[in-house]
Structures are given as C-alpha cells and as structure tokens.
Amino acid sequence: MKQTDINHSEYHGRVNPNSMLGAALVILACIFIFYLVPQYIEVSGMVKNPMMSPRFLPLLAGWMVLLCSLILLVNGLLWPPKHTEAEAFHAGIPKLRWVLMLAAGAVYTMLFEQLGAITSGVIATFMLFLAHHLRHFSIYLLALLFPVVVSLLFIYLLNVPLPAGMLWE
Amino acid sequence: MNRLIVKLTSVMTLAAAVTFPIPSVAASEWPADTVKLIVPYSPGGTTDIVSRKVADLLKEELGNVVVENRPGAGSTVATGQLARGGRDADHTILMASPGHAIGAAIYPGLRYDPVEDFRFIRNVISIPNVMVVPASSAYNSLAEFVEAARNGEVTFSSPGVGSSVHMSGELFKTMTGANMIHVPFRGSGEALPALLAGDVDVAFENMPTVLPHIKSGKLKALAVTTTKRSPFLPDVPTVAEAGSDFGLAGYKTSAWFGLITHKSMPDDAVLKLRTSVADVMAGESFKSFLPQLGAEPGEEDGEVFRTFVAEEVVKWDGVAQQANVKK
Amino acid sequence: MENFSEVLSIFLSVDNFIAIAAGVLIGVVVGAIPGLTATMAVALALPFTFSMEPVTAILLLVGIYKGGMYGGSITAILIRTPGSPASACTLLDGYPLAQQGHAKKALKAALYSSCVADVISNVALIFFAAYLAKIALNFGPPEYFWLICFSLTIIISISGDSIVKGLIAAGLGIIVSNIGLDAVYGSQRLTFDNYNLMDRISFVPLLIGLFAIPEIIEFYTSKVVPHVRSAVSGASLTLAECKRSLKSVIRGSLIGVIIGAIPGTGATAAAFISYSEAKRNSPNKHNFGKGEVEGVAAAEAGNNGVAGATLIPLLSLGIPGDVITAIILGAFMIHGLTPGPVLFQENLSLVYALFCGILLSSVVLLVVGNAAIRYFSLIADIPKAILLPIVLMFCVYGAYAVNNSTFDIGLMMVFGLLGFVFNRTGIAAAPFLIGFILGPMFEDNLRRTLLISKGDPLVFFRGPIAWFFIALTVASLLFAVRRYWKSRKVPATA
C-alpha cells in the first residue's frame, strides 16, 4: 500500500488505497455471489416465492457490495484521493512490537482453554508490556496481579466459570 | 471412582460415626463438591427459569449447586459437551427439554447419541402446549378448524424453527393433512402479539405464555396437547379427544424439563440425585412453583424417562422429515 | 386515590430502597465490564429474588436493567469498548471526546441524558401504557417491515465520509448476520458444517471485536507516542451544551419510548435512530462522529428511553419485548403474579408501588452514576501501554463468558482484524453493525409478511402505521439525496 515515494504530490497515484480496496472487494464479492452462495446455501424445493428463498438476502447484500466496490474502484482510478497524515504515522514500526502483539493474541485465541484464564492472561499481558518496552519492574507485577484478581472476580463474584487450565488439572 | 473404595469408606465412616458422634458424614457421600447444572439455552427462557428454581431447591439436598448457561445450536452444543464427558462429568447435570430430542432430529452431524450417551435422572416438570386461536377467529372448535384448514390455507406461529411449539404444529399438520403454513418468530415475545392481533390463525403455544390471555378472553383455547386435560383448563378437551375423527387419536406433545447426566455417572450419584430430586418435588415450595408456569410435575423417572426420551427422538425425527426441516 | 396508603405501605420499606440502590449499582458495574451484559446480571440475580417480596424482587431486577443500560456507556466512552450492545452508538462521539481530554464531559452528558430519558420513559409507562400497548398490538409483520426499512436509512447518516463505503460495510454486516440456520426452512447458510456457526454469530464478541480490538491493534502498529497526561477531571458539561442537546435528548427519549413499547426491536436500534435524527437536525451536524456532546446525549437518550418503555408491553399485555423483560416476567410468575390486564385489576396497589420504585430508580441512577464517573474516569489517566493489555484481557474474558466458549474468543479476534482493516481503509464500523442487527429483522419480517399474506401483496400497505413508516422511509431517502446534491454543488472539487 505504500506507494508514497513514487508520487510526491499530495494525491495518490492510480494504485491508491481506494481502488485497491475496491478491487479486492470486487473479487471477494464475486467469490461470494458465484461460489459461496450456490455451494453453501441450500434451497429446498418448497420455496415458491423468490423473496422467500434463503439465498435472497445474502445475494441482495452480495450484489450491493459488488456494485459499491465497483464504484469505489472506478472512482479511485479516476479521482485518486489525497494522502492523509495518518499514513506517515504507521511507517517504520519496530518488528518486535507487532510480533509480540500477534503472539499475545494467539495465546488468547488458541491456548485459553489449555493454559486457563489466569495463565494466558498473565502471559499475554506480560508480552504486551514487553512490546512497549515498559521499564519499571513494578509494572510487570501488575501483569501478574490483574489476571489473578479479575479471574477470581469473574469466577466467584459474578459466577462466570472461566477455564482453570487443562494442563494443570 | 472405585466403587469398592466408596463402599469401604462409607462403611468406615459409618463405623466412625457410631464410635465418634461427629455430625457430618457428607465428606464421603456424593456430591462432596459443587454440582453444576447446565442450561443449554441463554438466560431468560423457560428452561433457564425452571433450572434456576430447581437448582435453588436442590441446594438443600446437595450442597452447592451452580447454574451455567451454555447456549448454542439449539441445545446441541451443551449436550455434545456433556456427552464428551471430561473432568467435571461426575458433577455435572443438564436440564434437557424437547430441544434434546428435536435437536437430534434437525441438527446435522451431531457426534452423540441423544439416548445412549446419557443417564436419565428424572423428568421434573411437564408443561402442556395449548392450541389457541385469536378471540376474533371464526373457529370455535378443533373440528371447525381442521375442516377449514383442509379446504383452505391457515397459518400457525411459533417462537422459532425446531421449538416444541413449532413441532407440535408440524405434528398436527402431518396427522390431519391440513394445509398449515409455519410462520416463525424469534421468541414468544414476538410471536404472541401476532397471534393476539390475528395476523396468524393458530398456535400451539406453551401454557404459561397464553394462559393469562385465555383467561382475559383475548385468545380461545381449542385443545390441550397432552393426553390428559389440564387442571388449569378443565373445560378444554385434549387434541386426541377432540380430534379423534381427524386422525389425531395418538396426538401427544408437551414441553418437558428433565435432568440428565453423562453416561459414566456412578450409580450412587445417580441414586442420590434421584432421591434428592424426588425430595425436592415432594416439597411445598416446588408444588407452589408449578401453578405459576401452568405446569405439572414430571412423572417419568429413571429408565421410564429414558424410554420416554427415546420415543420423543423417534417421534420428532419422523415429523422433522415429513415437515422437511433440514438435517 | 383511595388505596394511596396501601401503595405507600408496600413501597416504603427499607428492602425496596436497598434493592433499587443495589440493583442500579450492580447494573452500572456489570454493564461497564465488556462482555458482561445487563441481561447476564439480571439472570444471575434472579435466584436471589425468590425469597424476596414481589415488589422488592422486581425493583432489584429493574434497577439492574437501568444501571446496565447506562453502565455500558462508561467503557464505550473511555476505552471504546461498548459494555453492552446498546452503547455501541454512544462511542461514535463519546470516544473521540475522551481522546480529546473531555472524558468527563462525555460521561456527564451520557448520564444526564440517560436520566432524563429514563424519567420520560417512566412517565410514558405510568400514564400512556394502555395507549402505547394498543399501538404495539397493531404492529404486525408488515408494520415491522416498514419500520426496519426506515431504520436501514440511518446507514446513510452514520457512514462517515463515504456513503459508498458505508453501504459496503452494511452489506458485509448483512452477510455475516446470515450465517447460521435459516429461520424458516432450518437449512444451513454458510455454516461450513461447523456447529459453532449453527446459531447466529454471537453479538457480544462481534461488538467487542469490531470496536475495542482495532484500538489495541492500532496502538501496537503505530509509532510510540509519549503519553500525554490530560487532566481527567477536564471540563465538565457546560450549561450551553446542555441546552444545545436538550432537543435531541427529548426527541431521542420519545424515539426510545416508541421503539421500547414495540416488542422485539431493541435498544440498539433506538440509540442509532435517535443519533441519526439528532445529526440530521442539529446545527453542528458536521461535528457528529468527531466528538460532539449532542451525539453522545442523543444516543444515550435513545437507549435509556427504551428501558422504561419495554415494561409497557410486559405489564399491560404480559408480553416481554426483550430477553431482560422475559426474565422479569419469569420473576413475576415465580411470585405468583401474572403481568397483563389482570394484574391491574387484582394488584393495583402493587403496580403503583412498583411505579413509585421505578421513578425512584431514575434518581438513584443519577446519584450512583455520578459516583461511578468519579472512579471510572480515572481510567482515562492510565497510560495506554498499561491500559490496553488489561482491556484486552477483559475483552477476552468477557467474550468467553457470553457462551462459555473459546470459539467466541477467536470470533472476537477475527472481527478485531476486520475492524482494523475498516479503520485503515476508512470504512465506518457502525453501518456494519446496523446491517448485522437489522439484516435478519428485515428478512424475518419480509418473509413473515409474505407468509401471512397468503399471496396477497396488499398486506404490505394495510394500515396507517404501515403508511406512516413508508412515508418516513421515503422522506429519509429524499432528504439524503437532496443533501448529497447540495454537497456536490458547493465545493467545486470533483
């Protein structure tokens, strides 16, 4: 998406976020309309009125997305949008920062049941603190304290049964 | 848990209790730990309210009982989890309802058997469905209704595909050959206004939902779906009674709520559960709870309950196929 | 009134006051925790009410309901995490305000408009219940259908800079809402044989994912900016701002009352309709979405206006309009009371005692809410590097707690990524949410209307209520087209 150096003017070139987004959505909408809907939405023989069909609303929405993304694509090609300040903001982020964030997300998504709420909370929070290079040791104690307190609060006060972790039981 | 050890410890505690009069023997007796009552639906439904009341009453018998809602795919997500067993299986009970049997009939790819994978404690509460039409309706009896529905087209509402209300209607349709179109809503809260306003012609709603409206004259009750008349509507015939000329002789449905466990539940625990539930059901506070739901105590116990559920599974499987509700 | 003293004797008990205060407090706190909704709190509290007096029991539950409605807005404003679905609309302007250092202003605006809406809603409940209940009963599938059509037009006003992108988001939201078993035929739609997808996608993981997670991803994929210590206390709400918002608050409350009185539409839709109407009529319409006090006030008025009004169909007809009122109905029945006309005949004193309590709960909400603001606004002072990991933890626990399912955590993360892509590509997330909520309602009511019509399309145009909403829909579309032409003509930029 970073074509900024090629064209120094305040406008994007032909390959700009809007036309790329439009192109991507056109492809996705086509996959949806011509593959996913016929393949994964059955219509039983009982359906008499086309508006009653289980495919009616998904197709309606699908065509709407297709049409709008075509407009977006053409619009983007004809009138490239301006650069925004936010874009410079996203360039040159240390790799470790977002890798650790992804890792924390993965711990929650994939290991929540195995590690249990407390352990996965501690690990993920620790990783995220690390990602920001927090220096104070005492802050890392927070990473330990918070998941424990909050889990116990959920389990005993609010009666929400968070997993204790299959590995330790 | 080894049964021998259990026996041994119980003998020993008995001996100990005789020698040293310690007040509590509960430590060796099941449950000895918190019992979990799984509600396979979201908070707020009839199953949830019934379960919370039963759990509250069971506390006196079993110590701590907590209710846990695990909604998803009818009731089949929670039921599937129970069937798989796992570490808490010997302290987990589940409040099964018609969804247990209907779910098995309409949800594809279930990895459990609704009968074989469980032990059946007891049917606790049974709520009849009532066949109701709006006060403004032209039909005053089941016979009139069936005549009209065979010659024309009528609509019936339900709180959703696969609910006991829906399936009762489908069963009625299959047995009478009436032309009935199902209009699904999401929950009784949406279905009821449509019925009251006369937008749909008939419904086979749960007793507690429609009873106040029958009493206030906004709805007419044509029949109840159980085999016996309900004490709450003594003048209303059963469907089987009123419809014997229309092929409805064997018609029988109800919303039932019963407790089941994983098949590995040890015998002593099942026995304890059965006696505890029986004690609860004999109690005053349970008996006074029933009329508010238009309910009656469930009758089926143990193996009889198992047979009852097995019959339900077969019945709804047939109806679901007839009605072309997808599997 | 003859039995005035009887009403007072039922109402004036220490238990009732404790129940209201405890209920509102529990509601505010639980509502503020992402993933834990007021619904869950009400369900958890139900067993405790078995042993209480009926009025006390109901007041406790109603207190939680109202507290929860407001509580959701606290985290929506402070950390862009709607504590409950209905507060998703509040964050559109509330979060930008908090980012500009006006957290307190936003929280106060939310609280005051919540309380005003609550009072209006209660008054409607007490004086116009019978009349509004009659309207609710005349709301059949065709009328719902047109109401939903009108509601869908609000996509135009919440699309941000680009209507085309807004429509894309709405379309995607509708597609996602279609996942699950078909409501009429029971056939599978886009479930890919995964049993976790058999029901519709859960609302709470989607909501948290769409709004809270992108903020977290955004933070870790942007350059490190030193934390600016803003004085949380910030400026409070000024009188001028109150005056400016008053019209929108009252309009929002009335919208909330009407939506609330009709079963099955819900507080989320009310909040968005109120917001979009406020935006359309406000002199500061260009500031909406960038941190406009009036926007916060309108959204909160809409969703709190619903709270009292949902009790209208419940008390006068015995029909629960949403899950919470279904639980409250359960509480009535457990105490041997049957809501509906009979209740008014046989237990009138009890009903009036209940009304007294409900009126009092608005005042309690004001007091508890003010206290809550004092403590919760400290959150705005915590540096993001420390706050966000903890927010993420809450989100994960909350998403899990809804269905006790790890699948929902994954779902939340997927919608988090989607929300992040939306952010980066300038697509507004709110239309996605509207599509997700209204899509199924649109389809359900279209199909129901066709089913009950027995082949006669005229049923779509059968009465004054249907025509009223048709007119609103058309007017709303025309208005949007006119505004579009105006905006095209004025700046000469293509």
# chains A, B, ... in the order shown; residues from 1 in each chain; ligands from 1
$ select_by_dssp --residues "stretch 136-174 of chain C" --states "alpha helix (DSSP H)" --output "ChimeraX atom specification"
/C:136-137,141-152,154-157,163-174
$ interface_residues --of "chain C" --to "chain A" --cutoff "8 Å" --atoms "only C-alpha atoms" --output "PyMOL selection string"
chain C and resi 44+164-165+167-168+171-172+174-175+178+182+185+187-192+217+220-223+385-386+389-390+393+396-397+400-401+404+406+409-410+413+425+443+447+450+494
$ closest_atom_pairs --of "stretch 315-365 of chain C" --to "stretch 102-124 of chain C" --cutoff "9 Å" --atoms "only C-alpha atoms" --output "Markdown table"
| residue | atom | partner | partner_atom | distance |
| --- | --- | --- | --- | --- |
| C:Phe355 | CA | C:Asn122 | CA | 7.9 |
| C:Ile358 | CA | C:Asn122 | CA | 7.1 |
| C:Leu359 | CA | C:Asn122 | CA | 6.4 |
| C:Ser361 | CA | C:Asp118 | CA | 8.9 |
| C:Ser362 | CA | C:Cys115 | CA | 5.8 |
| C:Val363 | CA | C:Cys115 | CA | 7.5 |
| C:Leu365 | CA | C:Cys115 | CA | 6.9 |
$ write_last_selection --atoms "N, CA and C atoms" --output "compact mmCIF listing (two decimals), in the first residue's frame"
# COMPACT_ATOMS: atom_id res chain seq x y z
N PHE C 355 -44.43 1.33 40.34
CA PHE C 355 -44.21 2.58 39.61
C PHE C 355 -43.39 3.56 40.46
N ILE C 358 -39.88 2.50 40.39
CA ILE C 358 -39.25 2.72 39.10
C ILE C 358 -38.89 4.19 38.93
N LEU C 359 -39.79 5.08 39.39
CA LEU C 359 -39.49 6.51 39.33
C LEU C 359 -38.27 6.83 40.18
N SER C 361 -35.89 4.93 40.86
CA SER C 361 -34.66 4.36 40.31
C SER C 361 -33.95 5.36 39.39
N SER C 362 -34.70 6.26 38.73
CA SER C 362 -34.05 7.26 37.89
C SER C 362 -33.17 8.18 38.73
N VAL C 363 -33.69 8.55 39.90
CA VAL C 363 -32.92 9.42 40.78
C VAL C 363 -31.68 8.69 41.30
N LEU C 365 -30.17 6.35 39.84
CA LEU C 365 -29.22 6.24 38.73
C LEU C 365 -28.34 7.49 38.65
$ select_by_dssp --residues "stretch 115-292 of chain B" --states "strand (DSSP E)" --output "short mmCIF file (atom, residue, chain, number, x, y, z; two decimals) with C-alpha atoms, in the first residue's frame"
data_model
loop_
_atom_site.label_atom_id
_atom_site.label_comp_id
_atom_site.auth_asym_id
_atom_site.auth_seq_id
_atom_site.Cartn_x
_atom_site.Cartn_y
_atom_site.Cartn_z
CA PHE B 118 -26.58 -40.28 28.89
CA ARG B 119 -28.09 -41.42 32.16
CA PHE B 120 -31.58 -40.23 32.81
CA ILE B 121 -32.41 -38.95 36.27
CA ARG B 122 -35.96 -37.73 36.13
CA ASN B 123 -38.46 -35.65 34.23
CA VAL B 124 -39.05 -32.80 36.66
CA ILE B 125 -41.62 -30.54 35.07
CA SER B 126 -44.09 -31.02 32.27
CA ILE B 127 -45.84 -28.07 30.63
CA PRO B 128 -48.65 -28.72 28.17
CA ASN B 129 -48.99 -26.78 24.97
CA VAL B 130 -52.35 -25.25 24.18
CA MET B 131 -53.89 -24.92 20.74
CA VAL B 132 -55.10 -21.32 20.70
CA VAL B 133 -56.78 -19.06 18.16
CA PRO B 134 -57.38 -15.30 18.42
CA VAL B 154 -54.12 -21.41 7.54
CA THR B 155 -51.00 -20.06 9.23
CA PHE B 156 -49.53 -21.07 12.58
CA SER B 157 -46.89 -19.18 14.53
CA SER B 158 -44.02 -20.40 16.67
CA MET B 180 -50.86 -25.18 7.55
CA ILE B 181 -48.11 -22.69 6.84
CA HIS B 182 -45.49 -22.17 9.53
CA VAL B 183 -44.66 -18.54 10.38
CA PRO B 184 -41.55 -18.49 12.57
CA VAL B 202 -53.41 -20.59 15.28
CA ALA B 203 -50.54 -21.52 17.59
CA PHE B 204 -49.65 -24.46 19.82
CA GLU B 205 -48.09 -22.26 22.49
CA ASN B 206 -46.77 -23.20 25.92
CA LEU B 219 -57.43 -15.98 22.95
CA LYS B 220 -59.67 -19.02 22.58
CA ALA B 221 -58.29 -22.37 23.68
CA LEU B 222 -59.39 -25.14 21.34
CA ALA B 223 -57.45 -28.03 22.86
CA VAL B 224 -54.51 -29.02 25.03
CA SER B 254 -45.62 -31.33 25.90
CA ALA B 255 -42.71 -29.21 26.97
CA TRP B 256 -40.82 -31.32 29.48
CA PHE B 257 -37.81 -30.44 31.56
CA GLY B 258 -35.76 -33.29 32.95
CA LEU B 259 -32.31 -33.89 34.35
CA ILE B 260 -29.72 -36.00 32.55
CA THR B 261 -26.04 -36.74 33.18
CA HIS B 262 -23.08 -38.22 31.36
#
$ atom_distance --atom1 "atom CA of C:Leu315" --atom2 "atom CA of C:Gln345"
11.9 Å
